[in-house]
$ cat target-v5.cif   # mmCIF, C-alpha atoms and all ligand atoms
data_input
loop_
_atom_site.group_PDB
_atom_site.id
_atom_site.type_symbol
_atom_site.label_atom_id
_atom_site.label_comp_id
_atom_site.auth_asym_id
_atom_site.auth_seq_id
_atom_site.Cartn_x
_atom_site.Cartn_y
_atom_site.Cartn_z
ATOM 1 C CA MET W 1 -46.645 40.012 -3.803
ATOM 2 C CA ASP W 2 -43.054 38.971 -3.331
ATOM 3 C CA SER W 3 -40.946 40.332 -6.166
ATOM 4 C CA GLY W 4 -37.476 39.274 -5.035
ATOM 5 C CA PRO W 5 -34.994 37.864 -7.528
ATOM 6 C CA ASP W 6 -35.806 34.236 -6.700
ATOM 7 C CA SER W 7 -39.554 34.625 -6.529
ATOM 8 C CA ALA W 8 -41.987 33.324 -9.105
ATOM 9 C CA ALA W 9 -45.596 33.996 -9.835
ATOM 10 C CA LEU W 10 -47.357 31.247 -7.899
ATOM 11 C CA GLN W 11 -50.281 32.656 -5.898
ATOM 12 C CA ASP W 12 -51.606 31.555 -2.505
ATOM 13 C CA GLY W 13 -49.602 28.364 -2.144
ATOM 14 C CA SER W 14 -50.721 28.285 1.486
ATOM 15 C CA PHE W 15 -54.455 28.164 0.616
ATOM 16 C CA GLU W 16 -55.309 31.041 2.939
ATOM 17 C CA SER W 17 -57.197 33.368 0.565
ATOM 18 C CA ALA W 18 -60.577 31.582 0.528
ATOM 19 C CA ALA W 19 -62.490 32.397 3.722
ATOM 20 C CA ILE W 20 -63.996 29.436 5.594
ATOM 21 C CA PRO W 21 -65.128 28.839 9.188
ATOM 22 C CA ASP W 22 -62.960 27.115 11.803
ATOM 23 C CA GLN W 23 -63.019 23.282 11.976
ATOM 24 C CA ALA W 24 -65.625 22.943 9.198
ATOM 25 C CA PRO W 25 -64.155 21.863 5.863
ATOM 26 C CA ARG W 26 -65.594 23.387 2.735
ATOM 27 C CA MET W 27 -65.879 21.136 -0.313
ATOM 28 C CA PHE W 28 -65.030 22.367 -3.815
ATOM 29 C CA SER W 29 -65.992 20.571 -7.051
ATOM 30 C CA PRO W 30 -64.441 20.613 -10.543
ATOM 31 C CA GLY W 31 -64.534 24.057 -12.108
ATOM 32 C CA GLU W 32 -64.724 25.835 -8.760
ATOM 33 C CA ARG W 33 -61.883 28.012 -7.619
ATOM 34 C CA VAL W 34 -60.049 27.895 -4.303
ATOM 35 C CA GLY W 35 -58.569 31.380 -4.402
ATOM 36 C CA PRO W 36 -56.282 31.356 -7.463
ATOM 37 C CA TRP W 37 -56.402 27.541 -7.801
ATOM 38 C CA THR W 38 -58.916 25.703 -9.996
ATOM 39 C CA VAL W 39 -60.337 22.329 -9.024
ATOM 40 C CA THR W 40 -59.812 20.066 -12.047
ATOM 41 C CA GLY W 41 -61.150 16.749 -10.752
ATOM 42 C CA GLY W 42 -62.822 14.920 -7.907
ATOM 43 C CA LYS W 43 -63.442 16.840 -4.728
ATOM 44 C CA VAL W 44 -61.146 19.105 -2.810
ATOM 45 C CA TYR W 45 -61.673 20.065 0.824
ATOM 46 C CA LEU W 46 -60.347 23.260 2.346
ATOM 47 C CA TRP W 47 -59.675 22.951 6.084
ATOM 48 C CA LYS W 48 -59.121 25.612 8.690
ATOM 49 C CA GLY W 49 -57.580 23.673 11.521
ATOM 50 C CA SER W 50 -56.470 24.525 14.995
ATOM 51 C CA PRO W 51 -53.102 26.286 15.265
ATOM 52 C CA GLY W 52 -50.351 23.855 14.222
ATOM 53 C CA ALA W 53 -52.651 21.593 12.214
ATOM 54 C CA SER W 54 -51.634 23.129 8.883
ATOM 55 C CA ALA W 55 -48.069 23.199 7.579
ATOM 56 C CA ASP W 56 -48.234 26.968 7.105
ATOM 57 C CA SER W 57 -50.637 29.435 8.726
ATOM 58 C CA ARG W 58 -54.210 28.195 9.331
ATOM 59 C CA GLN W 59 -55.611 26.503 6.212
ATOM 60 C CA HIS W 60 -54.672 23.525 4.036
ATOM 61 C CA LEU W 61 -56.218 21.370 1.330
ATOM 62 C CA ALA W 62 -57.265 17.721 1.499
ATOM 63 C CA LEU W 63 -57.763 15.941 -1.815
ATOM 64 C CA SER W 64 -60.398 13.228 -2.062
ATOM 65 C CA GLY W 65 -58.862 9.765 -2.184
ATOM 66 C CA GLY W 66 -60.898 7.999 -4.810
ATOM 67 C CA ALA W 67 -62.819 5.116 -3.242
ATOM 68 C CA PHE W 68 -66.109 6.998 -3.003
ATOM 69 C CA ASP W 69 -65.209 10.053 -5.064
ATOM 70 C CA ARG W 70 -63.113 10.607 -8.109
ATOM 71 C CA PRO W 71 -59.603 11.558 -6.981
ATOM 72 C CA GLY W 72 -59.161 15.250 -6.313
ATOM 73 C CA SER W 73 -56.923 17.539 -8.325
ATOM 74 C CA ILE W 74 -56.118 21.242 -8.456
ATOM 75 C CA GLN W 75 -54.257 23.396 -10.934
ATOM 76 C CA GLN W 76 -52.770 26.855 -11.270
ATOM 77 C CA THR W 77 -51.226 28.399 -14.382
ATOM 78 C CA ILE W 78 -48.284 30.703 -13.765
ATOM 79 C CA ALA W 79 -45.958 32.894 -15.786
ATOM 80 C CA THR W 80 -42.581 31.228 -16.408
ATOM 81 C CA THR W 81 -39.430 31.979 -18.352
ATOM 82 C CA PRO W 82 -38.656 29.362 -21.023
ATOM 83 C CA GLY W 83 -35.450 27.474 -20.318
ATOM 84 C CA VAL W 84 -35.364 28.357 -16.626
ATOM 85 C CA TRP W 85 -35.314 25.630 -13.974
ATOM 86 C CA TYR W 86 -37.782 25.945 -11.096
ATOM 87 C CA TRP W 87 -38.189 24.323 -7.719
ATOM 88 C CA LEU W 88 -41.739 23.631 -6.596
ATOM 89 C CA THR W 89 -41.691 22.754 -2.909
ATOM 90 C CA PHE W 90 -44.747 21.664 -0.945
ATOM 91 C CA HIS W 91 -45.784 19.943 2.279
ATOM 92 C CA ILE W 92 -47.895 16.778 2.355
ATOM 93 C CA THR W 93 -49.348 14.436 4.944
ATOM 94 C CA VAL W 94 -52.227 11.986 5.403
ATOM 95 C CA LEU W 95 -54.616 12.389 8.311
ATOM 96 C CA ALA W 96 -54.624 8.763 9.407
ATOM 97 C CA ASN W 97 -56.822 8.988 12.494
ATOM 98 C CA GLY W 98 -54.950 6.065 14.034
ATOM 99 C CA ASP W 99 -55.466 3.553 11.223
ATOM 100 C CA ALA W 100 -52.462 1.483 10.235
ATOM 101 C CA GLU W 101 -52.501 1.437 6.437
ATOM 102 C CA ARG W 102 -52.425 4.992 5.241
ATOM 103 C CA VAL W 103 -49.901 5.269 2.434
ATOM 104 C CA ARG W 104 -51.203 7.695 -0.152
ATOM 105 C CA THR W 105 -49.679 9.065 -3.333
ATOM 106 C CA LEU W 106 -49.825 12.490 -4.921
ATOM 107 C CA ALA W 107 -48.750 13.251 -8.497
ATOM 108 C CA VAL W 108 -47.349 16.603 -9.583
ATOM 109 C CA GLU W 109 -47.440 17.587 -13.232
ATOM 110 C CA ALA W 110 -46.043 20.599 -15.080
ATOM 111 C CA GLN W 111 -47.238 21.385 -18.581
ATOM 112 C CA GLY W 112 -46.171 24.318 -20.714
ATOM 113 C CA ARG W 113 -48.693 26.653 -22.360
ATOM 114 C CA ASP W 114 -47.927 29.110 -25.128
ATOM 115 C CA GLU W 115 -49.731 32.406 -25.678
ATOM 116 C CA TYR W 116 -52.410 30.632 -27.703
ATOM 117 C CA GLY W 117 -53.129 28.151 -24.920
ATOM 118 C CA GLN W 118 -51.498 25.250 -26.757
ATOM 119 C CA ALA W 119 -49.947 22.644 -24.490
ATOM 120 C CA HIS W 120 -46.205 21.994 -24.598
ATOM 121 C CA HIS W 121 -44.681 18.834 -23.181
ATOM 122 C CA ILE W 122 -42.071 19.256 -20.450
ATOM 123 C CA ASP W 123 -39.453 16.518 -20.098
ATOM 124 C CA HIS W 124 -39.624 14.967 -16.632
ATOM 125 C CA GLY W 125 -42.702 17.111 -16.019
ATOM 126 C CA TYR W 126 -44.418 14.435 -13.921
ATOM 127 C CA GLN W 127 -43.495 12.879 -10.598
ATOM 128 C CA SER W 128 -45.369 11.053 -7.851
ATOM 129 C CA TYR W 129 -44.795 11.283 -4.105
ATOM 130 C CA SER W 130 -45.946 8.793 -1.503
ATOM 131 C CA VAL W 131 -46.596 9.738 2.088
ATOM 132 C CA ASP W 132 -47.254 7.408 5.030
ATOM 133 C CA GLY W 133 -49.811 8.663 7.504
ATOM 134 C CA THR W 134 -49.109 5.998 10.119
ATOM 135 C CA GLY W 135 -49.160 7.646 13.523
ATOM 136 C CA VAL W 136 -50.443 10.928 12.177
ATOM 137 C CA THR W 137 -53.164 12.650 14.190
ATOM 138 C CA SER W 138 -54.790 16.057 14.066
ATOM 139 C CA THR W 139 -52.476 17.235 16.831
ATOM 140 C CA GLU W 140 -49.355 15.571 15.316
ATOM 141 C CA PRO W 141 -50.005 16.175 11.626
ATOM 142 C CA GLY W 142 -46.597 14.970 10.445
ATOM 143 C CA TRP W 143 -46.179 17.339 7.497
ATOM 144 C CA ARG W 144 -43.246 16.502 5.216
ATOM 145 C CA GLN W 145 -41.696 18.730 2.576
ATOM 146 C CA ARG W 146 -41.149 17.452 -0.955
ATOM 147 C CA ARG W 147 -39.638 19.076 -4.042
ATOM 148 C CA PHE W 148 -40.519 18.925 -7.724
ATOM 149 C CA VAL W 149 -37.967 20.285 -10.204
ATOM 150 C CA PHE W 150 -38.865 21.268 -13.744
ATOM 151 C CA LYS W 151 -37.532 23.307 -16.652
ATOM 152 C CA ALA W 152 -40.063 25.698 -18.128
ATOM 153 C CA ALA W 153 -40.789 25.185 -21.823
ATOM 154 C CA SER W 154 -42.862 28.281 -22.490
ATOM 155 C CA SER W 155 -44.113 31.570 -21.098
ATOM 156 C CA GLN W 156 -46.820 29.905 -19.036
ATOM 157 C CA THR W 157 -46.809 26.651 -17.091
ATOM 158 C CA SER W 158 -49.758 24.793 -15.605
ATOM 159 C CA LEU W 159 -48.932 23.124 -12.298
ATOM 160 C CA LYS W 160 -51.288 20.357 -11.270
ATOM 161 C CA PHE W 161 -51.556 18.251 -8.105
ATOM 162 C CA THR W 162 -53.551 15.028 -8.453
ATOM 163 C CA GLU W 163 -54.388 12.325 -5.932
ATOM 164 C CA ILE W 164 -53.513 8.819 -7.159
ATOM 165 C CA PRO W 165 -56.654 6.810 -6.354
ATOM 166 C CA THR W 166 -56.790 3.931 -3.916
ATOM 167 C CA ASP W 167 -59.629 1.458 -3.419
ATOM 168 C CA SER W 168 -59.486 1.393 0.365
ATOM 169 C CA ASP W 169 -61.358 4.549 1.333
ATOM 170 C CA GLY W 170 -61.803 8.173 0.435
ATOM 171 C CA VAL W 171 -58.910 9.554 2.472
ATOM 172 C CA GLY W 172 -56.460 11.506 0.360
ATOM 173 C CA VAL W 173 -53.318 13.564 0.643
ATOM 174 C CA CYS W 174 -53.302 16.879 2.506
ATOM 175 C CA LEU W 175 -51.374 19.691 0.821
ATOM 176 C CA ASP W 176 -50.059 23.030 2.080
ATOM 177 C CA ASP W 177 -47.227 25.558 1.762
ATOM 178 C CA VAL W 178 -46.651 25.302 -2.000
ATOM 179 C CA CYS W 179 -43.776 27.562 -3.050
ATOM 180 C CA LEU W 180 -42.205 28.150 -6.440
ATOM 181 C CA THR W 181 -38.699 29.591 -6.847
ATOM 182 C CA ARG W 182 -36.084 29.654 -9.537
ATOM 183 C CA ALA W 183 -33.650 26.835 -8.906
ATOM 184 C CA PRO W 184 -30.557 28.170 -7.084
ATOM 185 C CA GLY W 185 -27.491 28.549 -9.212
ATOM 186 C CA THR W 186 -29.299 28.843 -12.522
ATOM 187 C CA VAL W 187 -29.364 31.962 -14.651
ATOM 188 C CA SER W 188 -32.154 33.273 -16.796
HETATM 189 CA CA CA W 201 -51.780 27.105 4.769
#

$ encode --input "target-v5.cif" --output "structure tokens" --more "lines below"
Ligand SMILES: [Ca+2]
Amino acid sequence: MDSGPDSAALQDGSFESAAIPDQAPRMFSPGERVGPWTVTGGKVYLWKGSPGASADSRQHLALSGGAFDRPGSIQQTIATTPGVWYWLTFHITVLANGDAERVRTLAVEAQGRDEYGQAHHIDHGYQSYSVDGTGVTSTEPGWRQRRFVFKAASSQTSLKFTEIPTDSDGVGVCLDDVCLTRAPGTVS
């Protein structure tokens, strides 16, 4: 585990720890774990693509989009220092398979937890991110990096990624390379 001064406790943000076969997605349902992540809604697919298909290393997640399934979501609870600002960076794309209308939206939510498991509201602890999959193919996956900034309110923080549902089909946002660091220039 990285223990440098800017590191934080997020585990397996690259979704590499669960073993799956090549080119055959494995589906996970609510309550199941994908390595250190917990599926909290809908369906989540873990892909092991060809080299270059994921944003980092070999595997990435695809959240279900909502037309046929409930929208997918995953969560991980990490140790945080109250009052410290954090950057959560991640890569997203939509595998469009040549279709024209493929704008999808992912929401990121941070919620504080105290030692008794009680939830604590975090100001600005929710943000949504749209990604356009036009022109994206399995060989040109078009990963884009986004950043979510939050200030921890307690000693633990739950970080949740949720697909915003659409009514067009079940295609959802792909997610990979999630990293958490203390925001540069802030002191603990
Ligand atoms: Ca990965």

$ residues_near_point --input "target-v5.cif" --point "(-54.0, 20.1, 14.3)" --cutoff "7 Å" --atoms "all atoms listed in the file" --output "PyMOL selection string"
chain W and resi 49-54+138-141

$ atom_distance --input "target-v5.cif" --atom1 "atom CA of W:Tyr86" --atom2 "atom CA of W:Asp123"
13.1 Å

$ residues_near_ligand --input "target-v5.cif" --ligand "ligand CA 201 (chain W)" --cutoff "8 Å" --atoms "all atoms listed in the file" --output "list of chain:residue names"
W:Gly13, W:Ser14, W:Phe15, W:Glu16, W:Ser54, W:Ala55, W:Asp56, W:Ser57, W:Arg58, W:Gln59, W:His60, W:Asp176, W:Asp177

$ write_last_selection --input "target-v5.cif" --atoms "C-alpha atoms" --output "PDB file, keeping the file's coordinate frame"
ATOM      1  CA  GLY W  13     -49.602  28.364  -2.144  1.00  0.00           C
ATOM      2  CA  SER W  14     -50.721  28.285   1.486  1.00  0.00           C
ATOM      3  CA  PHE W  15     -54.455  28.164   0.616  1.00  0.00           C
ATOM      4  CA  GLU W  16     -55.309  31.041   2.939  1.00  0.00           C
ATOM      5  CA  SER W  54     -51.634  23.129   8.883  1.00  0.00           C
ATOM      6  CA  ALA W  55     -48.069  23.199   7.579  1.00  0.00           C
ATOM      7  CA  ASP W  56     -48.234  26.968   7.105  1.00  0.00           C
ATOM      8  CA  SER W  57     -50.637  29.435   8.726  1.00  0.00           C
ATOM      9  CA  ARG W  58     -54.210  28.195   9.331  1.00  0.00           C
ATOM     10  CA  GLN W  59     -55.611  26.503   6.212  1.00  0.00           C
ATOM     11  CA  HIS W  60     -54.672  23.525   4.036  1.00  0.00           C
ATOM     12  CA  ASP W 176     -50.059  23.030   2.080  1.00  0.00           C
ATOM     13  CA  ASP W 177     -47.227  25.558   1.762  1.00  0.00           C
TER      14      ASP W 177
END

$ closest_atom_pairs --input "target-v5.cif" --of "stretch 54-84 of chain W" --to "stretch 166-172 of chain W" --cutoff "6 Å" --atoms "all atoms listed in the file" --output "tab-separated table"
residue	atom	partner	partner_atom	distance
W:Leu63	CA	W:Gly172	CA	5.1
W:Ser64	CA	W:Gly172	CA	4.9
W:Gly65	CA	W:Gly172	CA	3.9
W:Gly66	CA	W:Gly170	CA	5.3
W:Ala67	CA	W:Asp169	CA	4.8
W:Phe68	CA	W:Gly170	CA	5.6

$ resolve_selection --input "target-v5.cif" --expression "the PyMOL selection byres (((chain W and resi 25) around 10) and not hetatm)" --output "number ranges by chain"
W: 20-24, 26-28, 44-49, 59-62

$ write_last_selection --input "target-v5.cif" --atoms "C-alpha atoms" --output "PDB file, in the frame of the given file"
ATOM      1  CA  ILE W  20     -63.996  29.436   5.594  1.00  0.00           C
ATOM      2  CA  PRO W  21     -65.128  28.839   9.188  1.00  0.00           C
ATOM      3  CA  ASP W  22     -62.960  27.115  11.803  1.00  0.00           C
ATOM      4  CA  GLN W  23     -63.019  23.282  11.976  1.00  0.00           C
ATOM      5  CA  ALA W  24     -65.625  22.943   9.198  1.00  0.00           C
ATOM      6  CA  ARG W  26     -65.594  23.387   2.735  1.00  0.00           C
ATOM      7  CA  MET W  27     -65.879  21.136  -0.313  1.00  0.00           C
ATOM      8  CA  PHE W  28     -65.030  22.367  -3.815  1.00  0.00           C
ATOM      9  CA  VAL W  44     -61.146  19.105  -2.810  1.00  0.00           C
ATOM     10  CA  TYR W  45     -61.673  20.065   0.824  1.00  0.00           C
ATOM     11  CA  LEU W  46     -60.347  23.260   2.346  1.00  0.00           C
ATOM     12  CA  TRP W  47     -59.675  22.951   6.084  1.00  0.00           C
ATOM     13  CA  LYS W  48     -59.121  25.612   8.690  1.00  0.00           C
ATOM     14  CA  GLY W  49     -57.580  23.673  11.521  1.00  0.00           C
ATOM     15  CA  GLN W  59     -55.611  26.503   6.212  1.00  0.00           C
ATOM     16  CA  HIS W  60     -54.672  23.525   4.036  1.00  0.00           C
ATOM     17  CA  LEU W  61     -56.218  21.370   1.330  1.00  0.00           C
ATOM     18  CA  ALA W  62     -57.265  17.721   1.499  1.00  0.00           C
TER      19      ALA W  62
END

$ residues_near_point --input "target-v5.cif" --point "(-60.4, 21.2, -12.3)" --cutoff "9 Å" --atoms "only C-alpha atoms" --output "list in words"
Ser29, Pro30, Gly31, Glu32, Arg33, Trp37, Thr38, Val39, Thr40, Gly41, Gly42, Gly72, Ser73, Ile74 and Gln75 of chain W

$ axis_aligned_box --input "target-v5.cif" --around "stretch 18-34 of chain W" --padding-each-side "3 Å" --output "JSON"
{"center_x": -63.0, "center_y": 26.5, "center_z": -0.1, "size_x": 11.9, "size_y": 17.8, "size_z": 30.1}

$ residues_around --input "target-v5.cif" --residues "W:Gln111" --least-positions-apart "4" --cutoff "8 Å" --atoms "all atoms listed in the file" --output "list in words"
Ala119, His120, His121, Ile122, Gly125, Thr157, Ser158 and Leu159 of chain W

$ write_last_selection --input "target-v5.cif" --atoms "C-alpha atoms" --output "tab-separated table (two decimals), in the frame of the given file"
chain	number	residue	atom	x	y	z
W	119	ALA	CA	-49.95	22.64	-24.49
W	120	HIS	CA	-46.20	21.99	-24.60
W	121	HIS	CA	-44.68	18.83	-23.18
W	122	ILE	CA	-42.07	19.26	-20.45
W	125	GLY	CA	-42.70	17.11	-16.02
W	157	THR	CA	-46.81	26.65	-17.09
W	158	SER	CA	-49.76	24.79	-15.60
W	159	LEU	CA	-48.93	23.12	-12.30

$ atom_distance --input "target-v5.cif" --atom1 "atom CA of W:Lys43" --atom2 "atom CA of W:Ala19"
17.7 Å

$ resolve_selection --input "target-v5.cif" --expression "the PyMOL selection byres (((chain W and resi 132) around 12) and not hetatm)" --output "list in words"
Ile92, Thr93, Val94, Leu95, Ala96, Gly98, Asp99, Ala100, Glu101, Arg102, Val103, Arg104, Thr105, Leu106, Tyr129, Ser130, Val131, Gly133, Thr134, Gly135, Val136, Pro141, Gly142, Trp143, Arg144, Gly172, Val173 and Cys174 of chain W

$ write_last_selection --input "target-v5.cif" --atoms "C-alpha atoms" --output "short mmCIF file (atom, residue, chain, number, x, y, z; two decimals), keeping the file's coordinate frame"
data_model
loop_
_atom_site.label_atom_id
_atom_site.label_comp_id
_atom_site.auth_asym_id
_atom_site.auth_seq_id
_atom_site.Cartn_x
_atom_site.Cartn_y
_atom_site.Cartn_z
CA ILE W 92 -47.90 16.78 2.36
CA THR W 93 -49.35 14.44 4.94
CA VAL W 94 -52.23 11.99 5.40
CA LEU W 95 -54.62 12.39 8.31
CA ALA W 96 -54.62 8.76 9.41
CA GLY W 98 -54.95 6.06 14.03
CA ASP W 99 -55.47 3.55 11.22
CA ALA W 100 -52.46 1.48 10.24
CA GLU W 101 -52.50 1.44 6.44
CA ARG W 102 -52.42 4.99 5.24
CA VAL W 103 -49.90 5.27 2.43
CA ARG W 104 -51.20 7.70 -0.15
CA THR W 105 -49.68 9.06 -3.33
CA LEU W 106 -49.82 12.49 -4.92
CA TYR W 129 -44.80 11.28 -4.11
CA SER W 130 -45.95 8.79 -1.50
CA VAL W 131 -46.60 9.74 2.09
CA GLY W 133 -49.81 8.66 7.50
CA THR W 134 -49.11 6.00 10.12
CA GLY W 135 -49.16 7.65 13.52
CA VAL W 136 -50.44 10.93 12.18
CA PRO W 141 -50.00 16.18 11.63
CA GLY W 142 -46.60 14.97 10.44
CA TRP W 143 -46.18 17.34 7.50
CA ARG W 144 -43.25 16.50 5.22
CA GLY W 172 -56.46 11.51 0.36
CA VAL W 173 -53.32 13.56 0.64
CA CYS W 174 -53.30 16.88 2.51
#

$ closest_residue --input "target-v5.cif" --among "W:Leu88, W:Ala107, W:Ile78, W:Ala183" --to "W:Ala9" --atoms "all atoms listed in the file"
W:Ile78

$ resolve_selection --input "target-v5.cif" --expression "the PyMOL selection byres (((chain W and resi 149) around 12) and not hetatm)" --output "list of chain:residue names"
W:Val84, W:Trp85, W:Tyr86, W:Trp87, W:Leu88, W:Thr89, W:Phe90, W:Val108, W:Glu109, W:Ala110, W:Ile122, W:Asp123, W:His124, W:Gly125, W:Tyr126, W:Gln127, W:Arg146, W:Arg147, W:Phe148, W:Phe150, W:Lys151, W:Ala152, W:Leu159, W:Cys179, W:Leu180, W:Thr181, W:Arg182, W:Ala183, W:Pro184

$ atom_distance --input "target-v5.cif" --atom1 "atom CA of W:Gln145" --atom2 "atom CA of W:Gln76"
19.5 Å

$ residues_around --input "target-v5.cif" --residues "W:Gly117" --least-positions-apart "4" --cutoff "10 Å" --atoms "only C-alpha atoms" --output "CSV table (one decimal) with C-alpha atoms, in the coordinates of the input"
chain,number,residue,atom,x,y,z
W,112,GLY,CA,-46.2,24.3,-20.7
W,113,ARG,CA,-48.7,26.7,-22.4
W,156,GLN,CA,-46.8,29.9,-19.0

$ decode --input "target-v5.cif" --residues "stretch 109-137 of chain W" --atoms "C-alpha atoms" --output "CSV table (one decimal), in the first residue's frame"
chain,number,residue,atom,x,y,z
W,109,GLU,CA,-21.2,11.4,-3.6
W,110,ALA,CA,-19.2,11.7,-0.4
W,111,GLN,CA,-20.8,11.1,3.0
W,112,GLY,CA,-19.1,11.3,6.3
W,113,ARG,CA,-19.4,8.4,8.9
W,114,ASP,CA,-18.5,8.7,12.5
W,115,GLU,CA,-17.2,5.8,14.7
W,116,TYR,CA,-20.8,4.7,15.4
W,117,GLY,CA,-21.7,4.5,11.7
W,118,GLN,CA,-23.9,7.6,11.8
W,119,ALA,CA,-24.0,9.6,8.6
W,120,HIS,CA,-22.6,13.2,8.4
W,121,HIS,CA,-23.6,15.5,5.6
W,122,ILE,CA,-20.7,17.0,3.6
W,123,ASP,CA,-21.2,20.4,2.0
W,124,HIS,CA,-20.8,20.1,-1.8
W,125,GLY,CA,-20.5,16.3,-1.3
W,126,TYR,CA,-22.4,15.5,-4.5
W,127,GLN,CA,-21.5,16.2,-8.2
W,128,SER,CA,-22.5,14.7,-11.5
W,129,TYR,CA,-20.3,14.3,-14.6
W,130,SER,CA,-21.5,13.7,-18.1
W,131,VAL,CA,-19.5,11.9,-20.7
W,132,ASP,CA,-20.2,11.7,-24.5
W,133,GLY,CA,-19.4,8.3,-26.0
W,134,THR,CA,-19.8,9.5,-29.6
W,135,GLY,CA,-17.0,7.9,-31.7
W,136,VAL,CA,-15.8,5.7,-28.8
W,137,THR,CA,-15.0,2.1,-29.8
